[in-house]
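Q: This is upload-v1.csv (CSV, C-alpha atoms).
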```
chain,number,residue,atom,x,y,z
A,27,GLY,CA,-19.3,-8.4,18.1
A,28,GLY,CA,-21.5,-9.8,15.4
A,29,CYS,CA,-21.2,-13.3,16.8
A,30,PHE,CA,-22.2,-12.2,20.3
A,31,PHE,CA,-25.1,-10.0,19.0
A,32,PHE,CA,-26.8,-12.3,16.5
A,33,GLY,CA,-26.1,-15.4,18.7
A,34,GLY,CA,-27.5,-13.5,21.7
A,35,LEU,CA,-30.7,-12.7,19.8
A,36,LYS,CA,-31.4,-16.4,19.5
A,37,TYR,CA,-29.9,-17.6,22.9
A,38,LYS,CA,-30.2,-15.6,26.1
A,39,GLU,CA,-26.7,-16.6,27.1
A,40,GLN,CA,-23.9,-18.5,25.4
A,41,LYS,CA,-20.7,-20.0,26.7
A,42,PHE,CA,-17.2,-20.2,25.1
A,43,ASN,CA,-13.8,-21.6,26.0
A,44,ALA,CA,-12.2,-19.2,28.6
A,45,THR,CA,-8.7,-20.7,28.1
A,46,ALA,CA,-8.7,-20.1,24.4
A,47,ALA,CA,-10.1,-16.6,24.8
A,48,THR,CA,-7.5,-15.7,27.4
A,49,ALA,CA,-4.6,-17.1,25.4
A,50,ASN,CA,-5.7,-15.1,22.3
A,51,MET,CA,-6.2,-11.9,24.1
A,52,GLY,CA,-2.9,-12.2,25.9
A,53,LEU,CA,-1.1,-12.6,22.6
A,54,LEU,CA,-3.0,-9.7,21.1
A,55,ALA,CA,-1.8,-7.6,24.1
A,56,LEU,CA,1.7,-8.8,23.4
A,57,SER,CA,1.4,-7.6,19.8
A,58,GLY,CA,0.3,-4.2,21.1
A,59,ILE,CA,3.6,-4.0,23.1
A,60,ALA,CA,5.5,-4.8,19.9
A,61,LEU,CA,3.8,-1.9,18.1
A,62,VAL,CA,4.6,0.5,20.9
A,63,LEU,CA,8.3,-0.4,21.1
A,64,PRO,CA,9.5,1.4,17.9
A,65,THR,CA,7.5,4.6,18.5
A,66,PRO,CA,10.1,6.6,20.5
A,67,PHE,CA,12.9,6.2,17.9
A,68,ALA,CA,11.4,7.9,14.8
A,69,SER,CA,8.2,9.1,13.2
A,70,TYR,CA,6.1,6.5,11.6
A,71,TYR,CA,6.9,7.7,8.1
A,72,GLU,CA,10.6,7.4,8.6
A,73,VAL,CA,10.7,3.8,7.5
A,74,HIS,CA,14.5,3.6,7.1
A,75,ASP,CA,15.5,4.5,10.6
A,76,GLU,CA,18.0,1.9,11.8
A,77,HIS,CA,16.8,1.7,15.4
A,78,VAL,CA,13.2,1.3,14.3
A,79,LEU,CA,14.2,-1.5,11.9
A,80,LEU,CA,16.2,-3.3,14.5
A,81,VAL,CA,13.5,-3.2,17.2
A,82,SER,CA,10.8,-4.2,14.7
A,83,ARG,CA,12.8,-7.2,13.4
A,84,VAL,CA,13.6,-8.5,16.8
A,85,ALA,CA,10.0,-7.9,17.9
A,86,ALA,CA,8.7,-9.7,14.8
A,87,LEU,CA,10.9,-12.8,15.7
A,88,PHE,CA,9.4,-12.9,19.2
A,89,LEU,CA,5.8,-12.6,17.8
A,90,ILE,CA,6.2,-15.4,15.4
A,91,PHE,CA,7.9,-17.5,18.1
A,92,MET,CA,4.9,-16.9,20.3
A,93,TYR,CA,2.5,-17.8,17.5
A,94,VAL,CA,4.3,-21.1,17.0
A,95,GLN,CA,3.9,-21.8,20.7
A,96,LEU,CA,0.2,-21.0,20.4
A,97,LEU,CA,-0.1,-23.6,17.7
A,98,VAL,CA,1.7,-26.2,19.9
A,99,PHE,CA,-0.5,-25.3,22.8
A,100,GLN,CA,-3.7,-25.7,20.8
A,101,LEU,CA,-2.8,-28.7,18.7
A,102,LYS,CA,-0.6,-30.7,21.0
A,103,THR,CA,-0.2,-30.1,24.7
A,104,HIS,CA,-3.7,-28.8,25.4
A,105,ALA,CA,-5.6,-30.1,22.4
A,106,ASP,CA,-8.3,-31.7,24.7
A,107,ILE,CA,-9.3,-28.2,25.9
A,108,PHE,CA,-10.1,-27.1,22.4
A,109,ASP,CA,-12.1,-30.2,21.6
A,110,ASP,CA,-15.6,-28.8,20.8
A,111,SER,CA,-17.2,-32.0,19.6
A,112,GLY,CA,-19.9,-31.8,22.3
A,113,GLU,CA,-20.5,-28.1,22.0
A,114,GLY,CA,-23.7,-26.3,21.0
A,115,GLY,CA,-27.4,-27.1,21.0
A,116,GLY,CA,-27.2,-29.8,18.5
A,117,GLY,CA,-26.7,-32.5,21.1
A,118,GLY,CA,-23.2,-33.4,19.9
A,119,GLU,CA,-24.4,-34.8,16.6
A,120,THR,CA,-21.8,-35.6,14.1
A,121,GLU,CA,-21.7,-33.4,10.9
A,122,LEU,CA,-20.6,-35.3,7.8
A,123,ALA,CA,-18.1,-33.8,5.4
A,124,VAL,CA,-19.5,-32.6,2.1
A,125,LEU,CA,-16.1,-32.7,0.4
A,126,PRO,CA,-13.3,-35.2,0.8
A,127,PHE,CA,-10.1,-33.9,2.3
A,128,TRP,CA,-8.1,-33.8,-0.9
A,129,GLY,CA,-11.0,-32.1,-2.7
A,130,ALA,CA,-11.2,-29.4,0.0
A,131,LEU,CA,-7.4,-29.0,-0.1
A,132,ALA,CA,-7.4,-28.5,-3.9
A,133,GLY,CA,-10.2,-26.0,-3.7
A,134,LEU,CA,-8.3,-24.1,-1.0
A,135,LEU,CA,-5.2,-24.0,-3.2
A,136,VAL,CA,-7.0,-22.8,-6.3
A,137,THR,CA,-8.8,-20.1,-4.3
A,138,THR,CA,-5.5,-18.9,-2.7
A,139,LEU,CA,-3.9,-18.6,-6.1
A,140,LEU,CA,-6.8,-16.6,-7.4
A,141,VAL,CA,-6.8,-14.3,-4.4
A,142,THR,CA,-3.1,-13.8,-4.9
A,143,VAL,CA,-3.6,-12.7,-8.5
A,144,PHE,CA,-6.5,-10.5,-7.8
A,145,SER,CA,-4.7,-8.9,-4.8
A,146,GLU,CA,-2.1,-7.5,-7.2
A,147,PHE,CA,-4.8,-5.7,-9.1
A,148,LEU,CA,-6.4,-4.5,-5.9
A,149,VAL,CA,-3.3,-3.0,-4.4
A,150,ASP,CA,-2.5,-1.3,-7.7
A,151,SER,CA,-5.9,0.4,-7.7
A,152,ILE,CA,-5.9,1.6,-4.1
A,153,ASP,CA,-4.1,4.9,-4.8
A,154,GLY,CA,-6.3,5.9,-7.7
A,155,PHE,CA,-9.5,5.0,-5.7
A,156,VAL,CA,-8.3,7.1,-2.7
A,157,GLU,CA,-7.6,10.1,-4.9
A,158,GLU,CA,-10.9,9.9,-6.8
A,159,SER,CA,-13.1,9.2,-3.8
A,160,GLY,CA,-11.4,11.4,-1.2
A,161,ILE,CA,-11.6,8.6,1.4
A,162,SER,CA,-8.8,8.2,3.8
A,163,ARG,CA,-6.2,5.6,2.8
A,164,THR,CA,-6.3,4.2,6.4
A,165,PHE,CA,-10.1,3.8,6.2
A,166,VAL,CA,-9.7,1.8,2.9
A,167,GLY,CA,-6.9,-0.4,4.3
A,168,ILE,CA,-8.3,-1.0,7.8
A,169,ILE,CA,-12.1,-1.0,7.3
A,170,ILE,CA,-13.1,-1.6,3.6
A,171,LEU,CA,-10.6,-4.2,2.5
A,172,PRO,CA,-11.0,-6.4,5.6
A,173,ILE,CA,-14.8,-6.4,5.3
A,174,VAL,CA,-14.7,-7.2,1.6
A,175,GLY,CA,-11.8,-9.7,1.8
A,176,ASN,CA,-13.1,-11.6,4.8
A,177,ALA,CA,-16.8,-11.4,4.1
A,178,VAL,CA,-17.2,-15.2,3.9
A,179,GLU,CA,-15.2,-15.6,7.2
A,180,HIS,CA,-17.5,-13.1,8.9
A,181,VAL,CA,-20.7,-14.8,7.7
A,182,THR,CA,-19.3,-18.2,8.8
A,183,ALA,CA,-18.5,-16.9,12.3
A,184,ILE,CA,-22.0,-15.4,12.7
A,185,THR,CA,-23.7,-18.4,11.3
A,186,VAL,CA,-22.0,-20.9,13.7
A,187,ALA,CA,-22.6,-18.5,16.6
A,188,MET,CA,-26.4,-18.6,15.8
A,189,LYS,CA,-26.1,-22.4,16.0
A,190,ASP,CA,-24.6,-22.0,19.5
A,191,LYS,CA,-21.2,-23.2,18.4
A,192,MET,CA,-19.3,-20.3,20.2
A,193,ASP,CA,-15.9,-21.9,20.4
A,194,LEU,CA,-15.9,-22.3,16.6
A,195,ALA,CA,-17.1,-18.7,16.2
A,196,MET,CA,-14.5,-17.4,18.5
A,197,GLY,CA,-11.8,-19.4,16.7
A,198,VAL,CA,-12.8,-17.8,13.4
A,199,ALA,CA,-13.1,-14.3,14.8
A,200,VAL,CA,-10.5,-13.8,17.5
A,201,GLY,CA,-8.2,-16.5,16.1
A,202,SER,CA,-8.1,-14.6,12.8
A,203,CYS,CA,-7.0,-11.4,14.6
A,204,THR,CA,-4.3,-13.3,16.5
A,205,GLN,CA,-3.0,-14.8,13.2
A,206,ILE,CA,-2.8,-11.4,11.6
A,207,SER,CA,-1.1,-9.8,14.6
A,208,LEU,CA,1.4,-12.5,15.5
A,209,PHE,CA,2.1,-14.1,12.2
A,210,VAL,CA,1.2,-12.1,9.1
A,211,VAL,CA,2.4,-8.7,10.2
A,212,PRO,CA,5.7,-9.8,11.7
A,213,LEU,CA,6.2,-12.1,8.7
A,214,THR,CA,5.9,-9.1,6.5
A,215,VAL,CA,8.7,-7.4,8.4
A,216,LEU,CA,10.9,-10.5,8.1
A,217,VAL,CA,10.2,-11.0,4.4
A,218,GLY,CA,11.1,-7.3,3.9
A,219,TRP,CA,14.3,-7.8,5.8
A,220,ALA,CA,15.2,-10.9,3.6
A,221,THR,CA,14.4,-9.1,0.4
A,222,ASP,CA,16.2,-5.8,1.4
A,223,ARG,CA,13.0,-3.8,1.7
A,224,ASP,CA,12.6,-1.8,4.9
A,225,MET,CA,9.4,-2.9,6.7
A,226,ASN,CA,8.8,-2.1,10.3
A,227,LEU,CA,6.2,-2.1,13.1
A,228,ASN,CA,6.3,1.7,13.6
A,229,PHE,CA,2.7,2.7,12.9
A,230,PRO,CA,1.1,6.1,13.5
A,231,HIS,CA,0.5,6.7,17.3
A,232,PHE,CA,-3.2,7.3,16.7
A,233,GLU,CA,-3.6,3.8,15.2
A,234,VAL,CA,-1.4,2.1,17.9
A,235,ILE,CA,-3.5,3.7,20.7
A,236,LEU,CA,-6.8,2.6,19.1
A,237,PHE,CA,-5.4,-0.9,18.6
A,238,VAL,CA,-4.4,-1.2,22.3
A,239,LEU,CA,-7.7,0.3,23.5
A,240,SER,CA,-9.6,-2.2,21.2
A,241,VAL,CA,-7.7,-5.1,22.7
A,242,PHE,CA,-8.5,-3.8,26.2
A,243,THR,CA,-12.2,-3.5,25.4
A,244,VAL,CA,-12.4,-7.0,23.9
A,245,SER,CA,-10.5,-8.3,26.9
A,246,VAL,CA,-13.0,-6.8,29.3
A,247,VAL,CA,-15.9,-8.3,27.4
A,248,LEU,CA,-14.2,-11.7,27.3
A,249,SER,CA,-13.3,-11.6,31.0
A,250,THR,CA,-16.2,-14.1,31.7
A,251,PRO,CA,-16.7,-17.1,29.4
A,252,LYS,CA,-20.3,-16.1,28.7
A,253,SER,CA,-21.8,-13.8,26.1
A,254,ASN,CA,-25.0,-12.0,25.3
A,255,TRP,CA,-26.4,-9.6,22.7
A,256,LEU,CA,-25.5,-6.4,24.7
A,257,GLU,CA,-21.8,-7.3,24.7
A,258,GLY,CA,-22.1,-7.9,21.0
A,259,SER,CA,-23.7,-4.5,20.5
A,260,LEU,CA,-20.9,-2.9,22.6
A,261,LEU,CA,-18.2,-4.5,20.4
A,262,MET,CA,-19.9,-3.4,17.2
A,263,SER,CA,-20.3,0.1,18.5
A,264,THR,CA,-16.6,0.1,19.3
A,265,TYR,CA,-15.9,-0.9,15.7
A,266,LEU,CA,-18.0,1.9,14.3
A,267,LEU,CA,-16.2,4.4,16.5
A,268,LEU,CA,-12.9,3.2,15.2
A,269,ALA,CA,-14.2,3.4,11.6
A,270,LEU,CA,-15.2,7.0,12.3
A,271,GLY,CA,-11.7,7.9,13.5
A,272,PHE,CA,-10.0,6.2,10.6
A,273,TRP,CA,-12.3,8.0,8.1
A,274,PHE,CA,-10.9,11.4,9.1
A,275,GLU,CA,-7.2,10.3,9.7
A,276,ASN,CA,-4.7,12.1,7.5
A,277,VAL,CA,-1.6,10.0,7.1
A,278,THR,CA,1.7,11.6,5.9
A,279,ASN,CA,3.2,9.9,2.9
A,280,TYR,CA,6.0,7.5,3.7
A,281,ASP,CA,9.5,8.4,2.5
A,282,ARG,CA,10.9,6.2,-0.2
```
Show me this structure written as structure tokens.

A:
Amino acid sequence: GGCFFFGGLKYKEQKFNATAATANMGLLALSGIALVLPTPFASYYEVHDEHVLLVSRVAALFLIFMYVQLLVFQLKTHADIFDDSGEGGGGGETELAVLPFWGALAGLLVTTLLVTVFSEFLVDSIDGFVEESGISRTFVGIIILPIVGNAVEHVTAITVAMKDKMDLAMGVAVGSCTQISLFVVPLTVLVGWATDRDMNLNFPHFEVILFVLSVFTVSVVLSTPKSNWLEGSLLMSTYLLLALGFWFENVTNYDR
């Protein structure tokens, strides 16, 4: 939404890769199906239900399998479609790397290690923060933490969108959502399975419904490979409405 809005303020209309957008939205819709599948078997707080665990684990395997196929599609079989070297208003000019590859890789490794350490402190402090502030735990986990944790990513996406590099902006924004839904979430389920900790895909119905409706809304906006500021405003308004709903959501404590 921010990419479309701020990019649309500078350019009347911007174009992006329709194939990439369709692939990502189709996979997000698939993840929505995976979230719906466990709901008939038990309430979301009954994390130890055998049917829910089985369905969640099988669905997690399928989601990761599809994510691997997406990588093959983007990097191998259809890599030419995702080549954005001539994109944008810069006339296809080549941008020189500021850091060498190994320097960037080392910086990424150090940053990842630091984030891992700080995440431990962050997770341990969430319960105390929720109790003292009175804010919904869902609001903290779905709204506050992603904004703070991905602030640099958000700024990057909006910045490149304002340079009319929409394919890169879409890759950062929508591609990140696809990675979370098809890789990180199912991987959490599988790691829990491997470490004998019951993790599943059975989320509260309210959250699943909002997720599916969000995917539907974004799919409608991306149905044509063009964007403008009005569509960006629509997506940001959708996000604010979701935040309003999560602010008042009261989640039952999960059984141990």

Q: Using all atoms listed in the file, can you tell me which of A:Leu227, A:Leu54, A:Ile107, A:Met188 comes closest to Phe67 of chain A?

A: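 Closest residue, counting all atoms listed in the file: A:Leu227.
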
Q: Return the single residue from A:Ile90, A:Leu35, A:Val238, A:Leu256 that is closest to Leu268 of chain A, with distances computed using only C-alpha atoms.

A: A:Val238

Q: For Phe42 of chain A, find every residue with an atom within 7 Å (counting only C-alpha atoms), except residues of its own chain fewer than 4 positions away, and show them as a PyMOL selection string.

A: chain A and resi 192-193+251-252

Q: His104 of chain A: which residues within 12 Å, counting only C-alpha atoms, same-chain residues fewer than 6 positions away excluded, as an MDAnalysis selection string?

A: chainID A and resid 45:46 49 95:98

Q: Using only C-alpha atoms, which protein or nucleic acid residues come within 6 Å of Phe30 of chain A? Drop anything in the same chain fewer than 3 positions from it, and give the result as a list in words.

A: Gly27, Gly33, Gly34, Asn254, Trp255 and Gly258 of chain A

Q: Would you output that residue set with C-alpha atoms, as an mmCIF file, in the coordinates of the input?

A:
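The resulting file, selection-v4.cif, is reproduced below:
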```
data_model
loop_
_atom_site.group_PDB
_atom_site.id
_atom_site.type_symbol
_atom_site.label_atom_id
_atom_site.label_comp_id
_atom_site.auth_asym_id
_atom_site.auth_seq_id
_atom_site.Cartn_x
_atom_site.Cartn_y
_atom_site.Cartn_z
ATOM 1 C CA GLY A 27 -19.300 -8.400 18.100
ATOM 2 C CA GLY A 33 -26.100 -15.400 18.700
ATOM 3 C CA GLY A 34 -27.500 -13.500 21.700
ATOM 4 C CA ASN A 254 -25.000 -12.000 25.300
ATOM 5 C CA TRP A 255 -26.400 -9.600 22.700
ATOM 6 C CA GLY A 258 -22.100 -7.900 21.000
#
```

Q: Measuring between all atoms listed in the file, which one of A:Ser249, A:Gln100, A:Ser82, A:Ser263 shows the shortest distance to Phe229 of chain A?

A: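 Using all atoms listed in the file, the shortest distance to Phe229 of chain A belongs to A:Ser82.
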
Q: For Val156 of chain A, find every residue with an atom within 12 Å (counting only C-alpha atoms), except residues of its own chain fewer than 3 positions away, and show them as an NGL selection string.

A: :A and (149-153 or 159-167 or 170 or 273 or 276)

Q: How far is it from atom CA of Leu260 of chain A to atom CA of Val62 of chain A, in Å with one decimal?

A: 25.8 Å

Q: Name the closest residue to Ile206 of chain A among the candidates A:Asn50, A:Leu140, A:Asn226, A:Gln40; distances are taken between atoms, counting only C-alpha atoms.

A: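 That would be A:Asn50, the residue with the smallest distance to Ile206 of chain A.
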
Q: List every protein, DNA or RNA residue that has an atom no more than 12 Å from (4.4, -18.2, 16.3) in the file's coordinate frame, counting all atoms listed in the file, and report them as a VMD selection string.

A: chain A and resid 53 57 85 to 100 204 to 213

Q: What gap, in Å, lies between atom CA of Asn228 of chain A and atom CA of His180 of chain A?

A: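 So the answer is 28.4 Å.
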
Q: Interatomic distance between atom CA of Leu131 of chain A and atom CA of Gly28 of chain A?

A: 28.4 Å

Q: For Asp75 of chain A, which residue among A:Thr243, A:Asp224, A:Ala105, A:Ile235 is the nearest when counting only C-alpha atoms?

A: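 Closest to Asp75 of chain A of all the choices is A:Asp224.
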
Q: Between A:Ala177, A:His231, A:Val215, A:Ala195, which has the minimum distance to Pro66 of chain A (counting only C-alpha atoms)?

A: A:His231

Q: Taking (-8.4, -8.8, 26.3) in the file's own coordinates, collect the residues within 8 Å, counting only C-alpha atoms, and hand them back as a ChimeraX atom specification.

A: /A:48,50-52,54-55,241-249
